[in-house]
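Shown below: protein.txt, with compact mmCIF, C-alpha atoms and all ligand atoms.
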# COMPACT_ATOMS: atom_id res chain seq x y z
CA MET A 1 26.09 19.92 9.51
CA HIS A 2 22.80 18.15 9.07
CA LEU A 3 22.68 15.47 6.42
CA PHE A 4 20.03 17.14 4.29
CA ASP A 5 20.94 20.83 4.90
CA ASP A 6 20.81 21.56 1.21
CA PHE A 7 17.29 20.06 0.99
CA ARG A 8 15.80 22.16 3.83
CA GLU A 9 12.63 23.02 1.94
CA ILE A 10 11.66 19.40 1.39
CA VAL A 11 13.22 17.38 4.24
CA ARG A 12 12.16 17.43 7.90
CA GLN A 13 13.98 15.74 10.75
CA ASP A 14 12.19 13.65 13.42
CA GLU A 15 8.90 14.09 11.65
CA PRO A 16 5.82 12.22 12.94
CA LEU A 17 4.55 9.60 10.53
CA ALA A 18 1.30 8.72 12.34
CA PRO A 19 -0.75 11.42 10.55
CA LEU A 20 0.24 9.84 7.21
CA LEU A 21 -0.77 6.30 8.18
CA TRP A 22 -4.20 4.67 8.23
CA PHE A 23 -3.31 3.22 11.65
CA ARG A 24 -2.52 6.75 12.92
CA LEU A 25 0.11 5.33 15.29
CA GLY A 26 3.81 4.80 15.65
CA GLY A 27 6.87 7.01 15.96
CA PRO A 28 8.61 9.54 13.73
CA ALA A 29 10.84 9.22 10.69
CA ALA A 30 14.46 10.23 11.24
CA TYR A 31 13.98 12.20 8.00
CA LEU A 32 10.82 12.72 5.99
CA ALA A 33 11.15 14.10 2.47
CA ARG A 34 8.56 15.37 0.03
CA PRO A 35 10.40 15.72 -3.29
CA ARG A 36 8.78 18.15 -5.73
CA ASN A 37 10.10 16.52 -8.89
CA ARG A 38 12.11 13.59 -10.20
CA GLU A 39 15.44 15.41 -9.96
CA GLU A 40 14.95 16.07 -6.25
CA LEU A 41 13.85 12.48 -5.73
CA VAL A 42 16.98 11.10 -7.41
CA ALA A 43 19.23 13.47 -5.44
CA LEU A 44 17.62 12.39 -2.15
CA VAL A 45 17.93 8.70 -2.94
CA ARG A 46 21.61 9.21 -3.80
CA ARG A 47 22.29 11.19 -0.63
CA SER A 48 20.69 8.57 1.60
CA ARG A 49 22.76 5.84 -0.03
CA GLU A 50 26.02 7.81 0.32
CA ALA A 51 25.19 8.34 4.02
CA GLY A 52 24.33 4.66 4.53
CA LEU A 53 20.81 5.67 5.61
CA PRO A 54 18.04 3.21 4.67
CA LEU A 55 15.40 4.48 2.25
CA LYS A 56 11.66 3.88 2.53
CA VAL A 57 8.89 5.09 0.27
CA LEU A 58 5.48 5.93 1.67
CA GLY A 59 2.37 6.09 -0.47
CA GLY A 60 -1.06 6.34 1.17
CA GLY A 61 0.10 4.59 4.37
CA SER A 62 -2.68 2.00 4.29
CA ASN A 63 -0.41 -1.05 4.49
CA VAL A 64 2.29 0.10 6.90
CA LEU A 65 2.65 -0.13 10.69
CA VAL A 66 5.43 2.00 12.16
CA ARG A 67 6.95 0.94 15.52
CA ASP A 68 6.60 3.35 18.45
CA GLU A 69 10.33 4.08 18.41
CA GLY A 70 10.06 5.33 14.81
CA VAL A 71 12.07 4.61 11.67
CA ASN A 72 15.75 5.31 11.30
CA ALA A 73 15.52 5.99 7.58
CA LEU A 74 14.88 8.62 4.97
CA VAL A 75 11.17 8.20 4.32
CA ILE A 76 10.13 9.62 0.99
CA HIS A 77 6.49 10.63 0.82
CA LEU A 78 5.41 10.81 -2.81
CA GLU A 79 2.56 13.29 -3.00
CA SER A 80 3.59 16.18 -5.22
CA PRO A 81 1.83 17.02 -8.52
CA ALA A 82 4.95 15.82 -10.36
CA PHE A 83 4.01 12.25 -9.38
CA SER A 84 0.24 12.69 -9.78
CA ASP A 85 -0.45 12.95 -13.53
CA VAL A 86 -3.15 10.86 -15.17
CA ALA A 87 -3.37 10.52 -18.98
CA VAL A 88 -5.85 8.49 -21.01
CA ARG A 89 -4.74 7.21 -24.41
CA ASP A 90 -7.09 5.07 -26.44
CA ARG A 91 -7.37 1.84 -24.39
CA SER A 92 -4.74 2.68 -21.85
CA ILE A 93 -4.39 4.96 -18.87
CA GLU A 94 -1.10 6.13 -17.38
CA ALA A 95 -0.87 7.34 -13.78
CA GLY A 96 1.85 8.67 -11.50
CA ALA A 97 2.71 6.71 -8.37
CA ALA A 98 1.11 9.30 -6.04
CA VAL A 99 -2.31 9.13 -7.70
CA PRO A 100 -4.87 7.70 -5.26
CA LEU A 101 -6.08 4.36 -6.59
CA THR A 102 -9.70 5.53 -6.22
CA ALA A 103 -8.95 8.55 -8.44
CA LEU A 104 -7.40 6.29 -11.08
CA ILE A 105 -10.46 4.01 -11.02
CA SER A 106 -12.87 6.97 -11.35
CA HIS A 107 -10.81 8.40 -14.19
CA SER A 108 -10.83 5.15 -16.12
CA ALA A 109 -14.58 4.68 -15.54
CA ARG A 110 -15.30 8.18 -16.89
CA ALA A 111 -13.13 7.42 -19.92
CA GLY A 112 -15.18 4.25 -20.59
CA LEU A 113 -12.33 1.89 -19.68
CA ALA A 114 -13.07 -1.24 -17.68
CA GLY A 115 -11.00 -3.57 -15.49
CA LEU A 116 -9.71 -1.46 -12.61
CA GLU A 117 -13.17 -1.07 -11.02
CA LYS A 118 -12.57 -4.48 -9.42
CA PHE A 119 -10.19 -2.70 -7.06
CA THR A 120 -12.79 -0.20 -5.84
CA GLY A 121 -12.44 0.49 -2.13
CA ILE A 122 -8.73 -0.35 -1.85
CA PRO A 123 -7.14 2.65 -0.13
CA GLY A 124 -3.75 4.05 -1.02
CA THR A 125 -1.88 5.08 -4.13
CA VAL A 126 -0.95 3.63 -7.50
CA GLY A 127 2.64 3.12 -6.24
CA GLY A 128 1.50 1.18 -3.17
CA ALA A 129 -0.96 -0.89 -5.20
CA LEU A 130 1.76 -1.91 -7.65
CA ARG A 131 4.40 -2.57 -4.99
CA GLY A 132 2.04 -4.98 -3.23
CA ASN A 133 0.22 -6.15 -6.40
CA ALA A 134 -3.10 -5.25 -4.73
CA ASP A 135 -5.81 -7.85 -5.06
CA SER A 136 -9.55 -7.92 -5.26
CA ARG A 137 -11.41 -11.16 -4.76
CA HIS A 138 -10.36 -12.77 -8.03
CA ASP A 139 -7.77 -10.51 -9.60
CA VAL A 140 -4.45 -8.82 -8.98
CA ILE A 141 -3.81 -5.31 -10.28
CA GLY A 142 -0.65 -6.43 -12.11
CA GLN A 143 -2.85 -8.24 -14.58
CA TYR A 144 -3.83 -4.85 -16.05
CA VAL A 145 -0.33 -3.37 -16.17
CA ARG A 146 1.34 -2.77 -19.52
CA ARG A 147 4.52 -1.16 -18.20
CA VAL A 148 5.89 0.41 -15.04
CA THR A 149 8.43 3.24 -14.80
CA VAL A 150 10.78 2.90 -11.84
CA LEU A 151 13.92 4.29 -10.30
CA ASP A 152 16.22 1.27 -10.30
CA PRO A 153 18.89 0.41 -7.66
CA SER A 154 21.50 2.44 -9.56
CA ASP A 155 19.23 5.55 -9.64
CA GLU A 156 18.41 5.17 -13.33
CA VAL A 157 14.87 5.70 -14.53
CA ARG A 158 13.82 2.49 -16.30
CA VAL A 159 10.71 1.28 -18.03
CA ARG A 160 9.85 -2.32 -17.13
CA GLU A 161 7.56 -4.00 -19.62
CA ARG A 162 4.83 -6.32 -18.44
CA ASP A 163 6.61 -9.49 -19.64
CA VAL A 164 9.62 -8.94 -17.35
CA LEU A 165 7.46 -8.15 -14.32
CA ASN A 166 6.31 -11.06 -12.24
CA PHE A 167 2.84 -10.00 -11.13
CA THR A 168 1.56 -13.36 -10.01
CA GLU A 169 0.15 -13.09 -6.54
CA ARG A 170 -0.39 -10.40 -3.90
CA GLY A 171 2.97 -8.96 -2.86
CA SER A 172 4.78 -9.77 -6.11
CA GLY A 173 5.09 -6.22 -7.51
CA PRO A 174 8.36 -4.67 -8.77
CA ASP A 175 11.01 -4.45 -6.06
CA ASP A 176 12.88 -1.45 -7.47
CA PRO A 177 13.47 1.24 -4.83
CA VAL A 178 10.86 3.66 -6.26
CA ILE A 179 7.90 3.13 -8.56
CA LEU A 180 7.32 6.34 -10.51
CA SER A 181 4.32 5.62 -12.73
CA ALA A 182 2.47 2.86 -14.55
CA GLU A 183 0.47 2.32 -17.68
CA PHE A 184 -2.60 0.08 -17.55
CA GLU A 185 -4.21 -1.70 -20.47
CA LEU A 186 -8.00 -1.77 -20.20
CA GLU A 187 -11.10 -2.76 -22.16
CA PRO A 188 -13.59 -0.25 -23.59
CA ASP A 189 -17.01 -0.37 -21.91
CA ASP A 190 -20.02 1.84 -21.23
CA PRO A 191 -19.01 4.33 -18.48
CA ASP A 192 -22.39 3.91 -16.73
CA ALA A 193 -21.96 0.13 -16.60
CA VAL A 194 -18.46 0.52 -15.11
CA VAL A 195 -19.76 2.96 -12.48
CA ARG A 196 -22.61 0.57 -11.58
CA ARG A 197 -20.06 -2.20 -10.99
CA MET A 198 -17.94 0.14 -8.86
CA ARG A 199 -20.97 0.91 -6.67
CA ARG A 200 -21.83 -2.77 -6.23
CA ILE A 201 -18.24 -3.66 -5.25
CA TRP A 202 -18.06 -0.72 -2.83
CA ILE A 203 -21.27 -1.79 -1.06
CA VAL A 204 -19.90 -5.32 -0.51
CA LYS A 205 -16.49 -4.07 0.65
CA LYS A 206 -17.89 -1.50 3.03
CA GLU A 207 -20.01 -4.15 4.71
CA SER A 208 -17.19 -6.63 5.16
CA GLN A 209 -14.19 -4.48 6.13
CA PRO A 210 -13.61 -1.95 8.94
CA TYR A 211 -13.61 1.34 6.99
CA GLY A 212 -13.88 4.37 9.25
CA HIS A 213 -11.57 2.80 11.85
CA GLN A 214 -7.87 3.25 12.40
CA SER A 215 -6.52 0.12 10.76
CA SER A 216 -4.47 -1.13 7.84
CA GLY A 217 -5.17 -3.79 5.25
CA TYR A 218 -5.06 -7.53 5.95
CA ILE A 219 -2.55 -8.21 8.73
CA PHE A 220 -1.63 -11.72 7.53
CA LYS A 221 -1.29 -13.50 4.20
CA ASP A 222 -3.77 -16.27 3.51
CA VAL A 223 -2.25 -19.71 4.09
CA SER A 224 -3.90 -20.79 0.80
CA PRO A 225 -7.07 -19.84 -1.09
CA GLU A 226 -8.87 -22.53 0.91
CA LEU A 227 -7.37 -21.37 4.22
CA PRO A 228 -7.83 -17.60 4.45
CA ALA A 229 -6.08 -16.12 7.47
CA GLY A 230 -9.29 -14.35 8.57
CA MET A 231 -11.14 -17.68 8.77
CA LEU A 232 -8.37 -19.31 10.86
CA ILE A 233 -8.26 -16.32 13.24
CA GLU A 234 -12.03 -16.37 13.64
CA GLN A 235 -12.12 -20.14 14.20
CA ALA A 236 -9.39 -19.80 16.81
CA GLY A 237 -11.90 -17.66 18.74
CA LEU A 238 -10.01 -14.39 18.36
CA LYS A 239 -12.60 -12.07 16.82
CA GLY A 240 -13.00 -9.04 19.10
CA VAL A 241 -9.96 -9.99 21.28
CA ARG A 242 -8.01 -6.98 22.57
CA PHE A 243 -4.52 -6.16 23.72
CA GLY A 244 -4.19 -2.62 25.11
CA GLY A 245 -5.83 -0.40 22.53
CA ALA A 246 -5.58 -2.91 19.66
CA GLU A 247 -8.52 -5.14 18.77
CA VAL A 248 -9.19 -7.93 16.25
CA SER A 249 -11.95 -6.43 14.11
CA ASP A 250 -15.40 -7.92 14.70
CA ARG A 251 -16.20 -7.23 11.05
CA HIS A 252 -13.28 -9.18 9.54
CA ALA A 253 -10.82 -11.10 11.72
CA ASN A 254 -7.81 -10.40 9.46
CA PHE A 255 -7.98 -6.70 10.38
CA ILE A 256 -6.74 -5.12 13.59
CA VAL A 257 -8.36 -1.85 14.57
CA ALA A 258 -6.68 0.65 16.87
CA GLN A 259 -8.83 2.27 19.55
CA PRO A 260 -8.00 5.77 20.85
CA GLY A 261 -4.77 5.68 22.86
CA ALA A 262 -3.48 2.51 21.18
CA LYS A 263 0.24 2.08 20.63
CA ALA A 264 2.02 0.30 17.81
CA SER A 265 3.36 -2.09 20.49
CA ASP A 266 -0.27 -3.07 21.31
CA VAL A 267 -0.81 -4.03 17.67
CA LEU A 268 2.46 -5.97 17.59
CA HIS A 269 1.56 -7.84 20.80
CA LEU A 270 -1.83 -8.74 19.38
CA ILE A 271 -0.15 -9.95 16.18
CA ASP A 272 2.08 -12.29 18.27
CA GLN A 273 -0.93 -13.53 20.23
CA ILE A 274 -2.86 -14.31 17.03
CA ARG A 275 0.13 -16.12 15.52
CA GLN A 276 0.59 -18.28 18.60
CA ARG A 277 -3.08 -19.16 18.91
CA VAL A 278 -3.47 -20.03 15.20
CA ALA A 279 -0.27 -22.14 15.32
CA GLN A 280 -1.58 -24.01 18.41
CA HIS A 281 -5.03 -24.60 16.92
CA PHE A 282 -4.21 -25.35 13.30
CA GLY A 283 -0.43 -25.79 13.05
CA HIS A 284 -0.08 -22.94 10.53
CA GLU A 285 2.47 -20.13 10.93
CA LEU A 286 0.81 -16.94 9.72
CA GLU A 287 3.04 -14.61 7.70
CA LEU A 288 2.64 -10.84 7.79
CA GLN A 289 0.94 -9.08 4.89
CA ILE A 290 1.39 -5.57 6.30
CA GLN A 291 4.79 -3.93 6.28
CA VAL A 292 6.20 -3.26 9.73
CA TRP A 293 8.73 -0.40 9.77
C1 LIG A 301 -9.78 -0.76 5.07
C2 LIG A 301 -8.71 -1.32 4.16
C3 LIG A 301 -9.04 -2.23 3.15
C4 LIG A 301 -8.04 -2.78 2.33
N1 LIG A 301 -8.40 -3.67 1.33
C5 LIG A 301 -7.43 -4.17 0.52
C6 LIG A 301 -7.77 -5.09 -0.53
O1 LIG A 301 -8.94 -5.43 -0.76
N2 LIG A 301 -6.77 -5.57 -1.33
C7 LIG A 301 -5.47 -5.19 -1.14
O2 LIG A 301 -4.61 -5.64 -1.90
N3 LIG A 301 -5.12 -4.34 -0.15
C8 LIG A 301 -6.06 -3.82 0.67
N4 LIG A 301 -5.71 -2.96 1.68
C9 LIG A 301 -4.28 -2.68 1.93
C10 LIG A 301 -3.74 -1.44 1.20
O3 LIG A 301 -4.77 -0.53 0.95
C11 LIG A 301 -3.05 -1.81 -0.10
O4 LIG A 301 -1.97 -2.67 0.17
C12 LIG A 301 -2.56 -0.56 -0.86
O5 LIG A 301 -2.27 -0.92 -2.19
C13 LIG A 301 -1.35 0.11 -0.23
O6 LIG A 301 -1.11 1.32 -0.91
P1 LIG A 301 -0.47 2.56 -0.16
O7 LIG A 301 -0.24 3.64 -1.16
O8 LIG A 301 -1.29 2.95 1.02
O9 LIG A 301 0.92 1.94 0.28
P2 LIG A 301 1.72 2.20 1.64
O10 LIG A 301 0.96 1.64 2.77
O11 LIG A 301 2.13 3.62 1.72
O12 LIG A 301 3.01 1.30 1.35
C14 LIG A 301 2.89 -0.09 1.23
C15 LIG A 301 4.20 -0.63 0.65
O13 LIG A 301 4.39 -0.14 -0.68
C16 LIG A 301 5.62 0.57 -0.76
N5 LIG A 301 5.40 1.71 -1.69
C17 LIG A 301 4.39 2.61 -1.66
N6 LIG A 301 4.52 3.47 -2.70
C18 LIG A 301 5.65 3.12 -3.36
C19 LIG A 301 6.33 3.62 -4.51
N7 LIG A 301 5.89 4.68 -5.22
N8 LIG A 301 7.48 2.99 -4.90
C20 LIG A 301 7.97 1.90 -4.22
N9 LIG A 301 7.36 1.38 -3.13
C21 LIG A 301 6.22 1.98 -2.71
C22 LIG A 301 5.94 1.02 0.64
O14 LIG A 301 7.32 1.23 0.80
C23 LIG A 301 5.43 -0.16 1.44
O15 LIG A 301 6.39 -1.20 1.42
C24 LIG A 301 -6.70 -2.39 2.51
C25 LIG A 301 -6.36 -1.46 3.51
C26 LIG A 301 -7.35 -0.92 4.33
C27 LIG A 301 -6.97 0.08 5.38

Any chance you could put this one into structure tokens?
Ligand SMILES: Cc1cc2nc3c(=O)[nH]c(=O)nc-3n(C[C@H](O)[C@H](O)[C@H](O)COP(=O)(O)OP(=O)(O)OC[C@H]3O[C@@H](n4cnc5c(N)ncnc54)[C@H](O)[C@@H]3O)c2cc1C
Amino acid sequence: MHLFDDFREIVRQDEPLAPLLWFRLGGPAAYLARPRNREELVALVRRSREAGLPLKVLGGGSNVLVRDEGVNALVIHLESPAFSDVAVRDRSIEAGAAVPLTALISHSARAGLAGLEKFTGIPGTVGGALRGNADSRHDVIGQYVRRVTVLDPSDEVRVRERDVLNFTERGSGPDDPVILSAEFELEPDDPDAVVRRMRRIWIVKKESQPYGHQSSGYIFKDVSPELPAGMLIEQAGLKGVRFGGAEVSDRHANFIVAQPGAKASDVLHLIDQIRQRVAQHFGHELELQIQVW
């Protein structure tokens, strides 16, 4: 009997993940599930634990690289309407984890709520943005969070208030197995002014990052605010360098773009090459920002 026989309508075995990832590469998930509601989600999480199968949650796939051999896990893709509600209340906006961040930002702008427009142009979902505490140039998204609803390690739905969450820097979001939704606290402003700021930010981002290519977000963490990884990679002479079908972006050296026919192993080789060269040149060990599955 197959492990998820009683979840046939929502679980697929050996399912390709590449179409769900911004990199568009890598192997399949042993099991890919699309729960239609919270009850199904909890039941799936429980089943994977009982079977000793690792659990991974996929949002918009803009910060994940999957190895060519695939992932031996139950990958839960949150996309159903049950995880996609948006509700505006006075100065706050609540959104499900599957809501695209861009949709949340547009919603808050239309409602005359300011703050989140700083994150214009960051791909992915609310869940992914909170997990990684997405950052714009000067701000992290956690700064606008009032509370987050999660599924905790014992499968209980819990509300975590802002003061117990440690949203300090990029990557410091809640580490509960599943983020379900979040409420953001924003400032009232003129909707037109918010939209004008969104447009300005989008123009700058589009010019400086490789949108329209197969890529993910920043590959490496900055060593410090004064030593951004992209600057070190560029100064080590690596902009435009290729391995197989993977190439250091000529627009921003902390991005790797995948050319047609690229493999995940090409990206991983290029990552090793960059690390070695930056360590030789500057003595800094770059740490990964993207998640490698
Ligand atoms: C062109 C480009 C530009 C980018 N610019 C920026 C930028 O300016 N700033 C920035 O911070 N990032 C940037 N990124 C990276 C990426 O968009 C962000 O990290 C984004 O927040 C990831 O969201 P996602 O839904 O795609 O997450 P995914 O890639 O699907 O997942 C990322 C991580 O979050 C976890 N996760 C996702 N959803 C949930 C959930 N509901 N519950 C628990 N865990 C979850 C996953 O398990 C994984 O560990 C950029 C990426 C690209 C491709």

Against ligand LIG 301 (chain A), which residues of chain A fall within 6 Å? For each one I want the closest pair of atoms and the distance in Å (one decimal), counting all atoms listed in the file, rows by chain and increasing residue number, as a tab-separated table.
residue	atom	partner	partner_atom	distance
A:Lys56	CA	A:LIG301	O14	5.4
A:Val57	CA	A:LIG301	O14	4.2
A:Leu58	CA	A:LIG301	O11	4.1
A:Gly59	CA	A:LIG301	O11	3.3
A:Gly60	CA	A:LIG301	O8	3.4
A:Gly61	CA	A:LIG301	O10	3.5
A:Ser62	CA	A:LIG301	O8	3.7
A:Asn63	CA	A:LIG301	O10	3.5
A:Val64	CA	A:LIG301	O10	4.6
A:Ala97	CA	A:LIG301	N7	4.9
A:Ile122	CA	A:LIG301	N1	4.6
A:Pro123	CA	A:LIG301	O3	4.1
A:Gly124	CA	A:LIG301	O8	3.4
A:Thr125	CA	A:LIG301	O7	3.7
A:Gly127	CA	A:LIG301	N7	3.7
A:Gly128	CA	A:LIG301	O6	3.5
A:Ala129	CA	A:LIG301	O5	3.3
A:Arg131	CA	A:LIG301	O13	4.9
A:Gly132	CA	A:LIG301	O4	5.7
A:Ala134	CA	A:LIG301	O2	3.2
A:Asp135	CA	A:LIG301	O2	4.0
A:Ser136	CA	A:LIG301	O1	5.2
A:Pro177	CA	A:LIG301	C20	5.6
A:Val178	CA	A:LIG301	N8	3.7
A:Ile179	CA	A:LIG301	N8	3.7
A:Leu180	CA	A:LIG301	N7	5.7
A:Gln209	CA	A:LIG301	C1	5.9
A:Pro210	CA	A:LIG301	C1	5.6
A:Tyr211	CA	A:LIG301	C1	4.8
A:Ser215	CA	A:LIG301	C27	5.4
A:Ser216	CA	A:LIG301	C27	3.7
A:Gly217	CA	A:LIG301	C25	3.1
A:Gln291	CA	A:LIG301	O15	5.8

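In this structure, CA of Pro35 in chain A sits 15.5 Å away from CA of Ala73 in chain A.
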
- Message: Report as a PyMOL selection string all protein, DNA and RNA residues lying within 10 Å of range 100-112 of chain A, evaluated on only C-alpha atoms, omitting residues in the same chain fewer than 4 positions from it.
- Response: chain A and resi 59-60+79+84-96+116-129+184+186-198

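Nearest-residue note for Phe83 in chain A: choosing from A:Arg199, A:Arg38, A:Arg158, A:Arg277, the minimum distance belongs to A:Arg38, counting all atoms listed in the file.
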
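With all atoms listed in the file taken into account, the protein and nucleic acid residues at most 6 Å from Gln289 in chain A (excluding it and anything under 4 positions from it in its own chain) are Ile219, Phe220 and Lys221 of chain A.
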
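Pairwise distance (CA of Glu161 in chain A, CA of Ser80 in chain A) equals 25.1 Å.
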
Distance table requested - range 136-241 of chain A against range 43-53 of chain A, cut-off 12 Å, all atoms listed in the file: one row per qualifying residue with the closest atom pair and its distance in Å to one decimal, ordered by chain and rising residue number, as a tab-separated table.
residue	atom	partner	partner_atom	distance
A:Leu151	CA	A:Val45	CA	9.5
A:Asp152	CA	A:Val45	CA	10.6
A:Pro153	CA	A:Val45	CA	9.6
A:Ser154	CA	A:Arg46	CA	8.9
A:Asp155	CA	A:Arg46	CA	7.3
A:Glu156	CA	A:Arg46	CA	10.8
A:Pro177	CA	A:Val45	CA	8.9
A:Val178	CA	A:Val45	CA	9.3
